[in-house]
Every structure is written in structure tokens, then in C-alpha cells.
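Notes follow once the structure below has been shown.
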Amino acid sequence: MSPAEVARRLGAAFLLLAALSASARAEGEPGRFDHYVLSLSWSPTYCQTAQAEPAQCDRARPFAFVVHGLWPQYARGWPEFCLRPAPYVPERVLRGVLDIMPSRNLALHEWRRHGTCSGLDATAYFTTLRRAFGEVTIPAQFRHLDTYRTVTPGEVESAFRAANPGLAADMIAVDCDGRRLTEVQICLDRSLGFTSCTEVDRRACRAARIVMPPTRGG
């Protein structure tokens, strides 16, 4: 291979790498996404894990569904860690979401990983997170459990759909760890209306039956 041919091929490879790098940066551009996923964690399941935090899992605070996060998503895939370092979150903002997202560490993690991709500042992001949570009605039967309950993922999904008119089957996914309910994920458009999200729906729990630990069981 002649020196000219080597130079030509190296130049082409450099241009390809530059294009791929630019594409990767664009995919992580704050504010550039298609829809949100509001992830609602079944707190009693989390409180049975090794990562459980006392702030969320103290028996005096019997949380049921809480906010895991509000995640900007593409139609396929998602951006994350769009700003490094992540901008500062005022302490009053963190304190202001602890009633629905009862872990300061989780709130900070979610801001760094997902919130920085929203195109919003920290105050606006957590305000949007609260608004998104307010758009979803938690089914009455899942606001408090005194004992363990065995359910199917379909029963949980149907209960959420019945409590939220307009929420279709391809807009919600029930997640599990194989034997316990972990989360319910609901897709919202940028105006926080329900929207289709086939990729999220495809990742739903496939277990036949799952357990919901009681709200005071953590």
C-alpha cells in the first residue's frame, strides 16, 4: 500500500471516528429526547434489599409507591449524565421532594444521571417530577398493604389503567425482580400526558405471579 493510500485511509477513519463522536455527544445533549418515563418504585420491595436506606425504610414511614425517577428517553434508548459535573441542587429543592422521593441520595443520583438530560435546571426538573407524579393516580388498593399480596403483572397494570383514563397498554410497564414487584413505569410526553413507548413496554416483567411486600414490611 502506497503512503498516499495509507494517508487516505487514515483520514477516512479519522472522519468516521469524529462523526461517531459527534453523534454520541448529540445523543447526550440536554433537552434532546422524545418522552419521559416516570418510574414508580414499590418501596417495600426496595426496603428488603441490601441497599435500603433508613430514611426511606424506617417502620415509622410506611411508603407504598414512591418516585424512583423521571427519565428523559429516546424512542430507542436514553441519554444519561448529560452534564459533568452536574449543576448544584439547592438544599431546599432536595428537601421539597422527600415526601414523594424519600431518599436524598437517590434524588441527587437521579438528577446527575437523568435530570441533567432534561434541559431543565434542578429546580425546574424536580418541579416537573412532582407534576408528573401528580398526573398519575395510584390505585386505591395499592396505597397501603397490611399483608403480603400475590398478584399478576397484568392485574397491577389493569389497576393503574382503570385508575388513569387514557393510559393504554403500550404506555405502562410493570417491572419485577423475578418474584417481587419492583416498579411501575409510565410513559409521558413532554407535556406530561400519557404516551406510547413500545420499547419500555417490551421490557416489562414476564413472571406469571409476583409478590407485593406490605408497606410496613421493610
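Chain identifiers are assigned as A, B, and so on, following the order in which chains appear in the C-alpha cells; residues are numbered from 1 within each chain, and ligands are numbered from 1 in order of appearance.
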
Open item on the list: I need the residues in range 115-209 of chain A that are helix (DSSP H, G or I) according to DSSP; give them as an NGL selection string.
Closed with: :A and (115-117 or 122-134 or 140-142 or 153-163 or 169-171 or 198-202)

Save out the residues we just selected, C-alpha atoms, as an mmCIF file, in the first residue's frame.
data_model
loop_
_atom_site.group_PDB
_atom_site.id
_atom_site.type_symbol
_atom_site.label_atom_id
_atom_site.label_comp_id
_atom_site.auth_asym_id
_atom_site.auth_seq_id
_atom_site.Cartn_x
_atom_site.Cartn_y
_atom_site.Cartn_z
ATOM 1 C CA GLY A 115 -32.223 15.190 35.258
ATOM 2 C CA THR A 116 -29.229 16.776 33.536
ATOM 3 C CA CYS A 117 -30.574 15.406 30.249
ATOM 4 C CA ALA A 122 -32.530 21.469 39.082
ATOM 5 C CA THR A 123 -35.462 23.453 40.455
ATOM 6 C CA ALA A 124 -37.472 23.088 37.258
ATOM 7 C CA TYR A 125 -36.603 19.395 36.914
ATOM 8 C CA PHE A 126 -37.820 18.465 40.381
ATOM 9 C CA THR A 127 -40.893 20.662 39.905
ATOM 10 C CA THR A 128 -41.618 18.715 36.709
ATOM 11 C CA LEU A 129 -41.009 15.439 38.549
ATOM 12 C CA ARG A 130 -43.622 16.389 41.147
ATOM 13 C CA ARG A 131 -46.071 17.449 38.439
ATOM 14 C CA ALA A 132 -45.545 14.121 36.654
ATOM 15 C CA PHE A 133 -46.248 12.210 39.862
ATOM 16 C CA GLY A 134 -49.389 14.282 40.307
ATOM 17 C CA ALA A 140 -56.614 2.731 45.945
ATOM 18 C CA GLN A 141 -55.765 -0.921 46.626
ATOM 19 C CA PHE A 142 -52.042 -0.169 46.331
ATOM 20 C CA PRO A 153 -48.225 -8.127 36.437
ATOM 21 C CA GLY A 154 -51.408 -7.851 34.386
ATOM 22 C CA GLU A 155 -53.504 -7.199 37.479
ATOM 23 C CA VAL A 156 -51.219 -4.359 38.544
ATOM 24 C CA GLU A 157 -51.258 -2.876 35.052
ATOM 25 C CA SER A 158 -55.050 -3.160 34.814
ATOM 26 C CA ALA A 159 -55.479 -1.426 38.170
ATOM 27 C CA PHE A 160 -53.334 1.503 37.041
ATOM 28 C CA ARG A 161 -55.167 1.735 33.739
ATOM 29 C CA ALA A 162 -58.557 1.694 35.451
ATOM 30 C CA ALA A 163 -57.451 4.498 37.791
ATOM 31 C CA ALA A 169 -51.452 -0.949 27.481
ATOM 32 C CA ASP A 170 -48.442 0.277 25.478
ATOM 33 C CA MET A 171 -47.915 3.251 27.824
ATOM 34 C CA THR A 198 -43.170 0.279 22.894
ATOM 35 C CA GLU A 199 -39.535 -0.218 23.929
ATOM 36 C CA VAL A 200 -40.350 0.296 27.624
ATOM 37 C CA ASP A 201 -43.384 -1.953 27.316
ATOM 38 C CA ARG A 202 -41.228 -4.744 25.820
#

Task: Near-Pro214 in chain A list (7 Å; only C-alpha atoms; drop same-chain fewer than 4 positions) as a PyMOL selection string - done: chain A and resi 44+145-148

Open item on the list: Taking 2 positions as the minimum chain separation for residues in the same chain, which residues sit within 12 Å of Leu38 in chain A when counting only C-alpha atoms? Answer as number ranges by chain.
Closed with: A: 35-36, 40-41, 65-73, 110, 114, 128-136, 171-174, 183-190, 192-195, 197, 200

Would you output that residue set with C-alpha atoms, as an mmCIF file, in the first residue's frame?
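Output file result.cif follows:
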data_model
loop_
_atom_site.group_PDB
_atom_site.id
_atom_site.type_symbol
_atom_site.label_atom_id
_atom_site.label_comp_id
_atom_site.auth_asym_id
_atom_site.auth_seq_id
_atom_site.Cartn_x
_atom_site.Cartn_y
_atom_site.Cartn_z
ATOM 1 C CA HIS A 35 -40.547 11.406 26.020
ATOM 2 C CA TYR A 36 -40.281 10.785 29.747
ATOM 3 C CA LEU A 40 -42.697 4.469 40.482
ATOM 4 C CA SER A 41 -40.903 2.176 42.907
ATOM 5 C CA PHE A 65 -45.342 3.704 45.626
ATOM 6 C CA VAL A 66 -42.696 6.436 45.550
ATOM 7 C CA VAL A 67 -40.879 8.148 42.712
ATOM 8 C CA HIS A 68 -37.741 6.387 41.572
ATOM 9 C CA GLY A 69 -37.125 8.874 38.805
ATOM 10 C CA LEU A 70 -38.306 10.900 35.834
ATOM 11 C CA TRP A 71 -36.198 9.775 32.892
ATOM 12 C CA PRO A 72 -35.823 11.500 29.514
ATOM 13 C CA GLN A 73 -35.976 8.784 26.843
ATOM 14 C CA GLU A 110 -31.357 10.857 39.586
ATOM 15 C CA HIS A 114 -31.245 11.681 34.223
ATOM 16 C CA THR A 128 -41.618 18.715 36.709
ATOM 17 C CA LEU A 129 -41.009 15.439 38.549
ATOM 18 C CA ARG A 130 -43.622 16.389 41.147
ATOM 19 C CA ARG A 131 -46.071 17.449 38.439
ATOM 20 C CA ALA A 132 -45.545 14.121 36.654
ATOM 21 C CA PHE A 133 -46.248 12.210 39.862
ATOM 22 C CA GLY A 134 -49.389 14.282 40.307
ATOM 23 C CA GLU A 135 -50.616 13.268 36.855
ATOM 24 C CA VAL A 136 -50.777 9.603 37.893
ATOM 25 C CA MET A 171 -47.915 3.251 27.824
ATOM 26 C CA ILE A 172 -47.126 1.313 31.006
ATOM 27 C CA ALA A 173 -44.777 -1.465 32.091
ATOM 28 C CA VAL A 174 -44.767 -3.430 35.357
ATOM 29 C CA GLU A 183 -41.624 -0.749 39.803
ATOM 30 C CA VAL A 184 -44.371 0.541 37.582
ATOM 31 C CA GLN A 185 -43.103 2.650 34.681
ATOM 32 C CA ILE A 186 -45.425 5.071 32.924
ATOM 33 C CA CYS A 187 -44.560 6.940 29.749
ATOM 34 C CA LEU A 188 -45.351 10.632 29.461
ATOM 35 C CA ASP A 189 -44.863 13.081 26.638
ATOM 36 C CA ARG A 190 -43.025 16.341 27.202
ATOM 37 C CA LEU A 192 -46.759 15.098 30.817
ATOM 38 C CA GLY A 193 -49.642 13.450 29.011
ATOM 39 C CA PHE A 194 -49.666 9.661 28.642
ATOM 40 C CA THR A 195 -47.848 8.449 25.544
ATOM 41 C CA CYS A 197 -43.498 3.686 24.500
ATOM 42 C CA VAL A 200 -40.350 0.296 27.624
#

TODO: Please indicate the distance in Å from CA of Thr150 in chain A to CA of Leu106 in chain A, rounded to one decimal place.
DONE: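 Taking CA of Thr150 in chain A and CA of Leu106 in chain A, their separation equals 27.8 Å.
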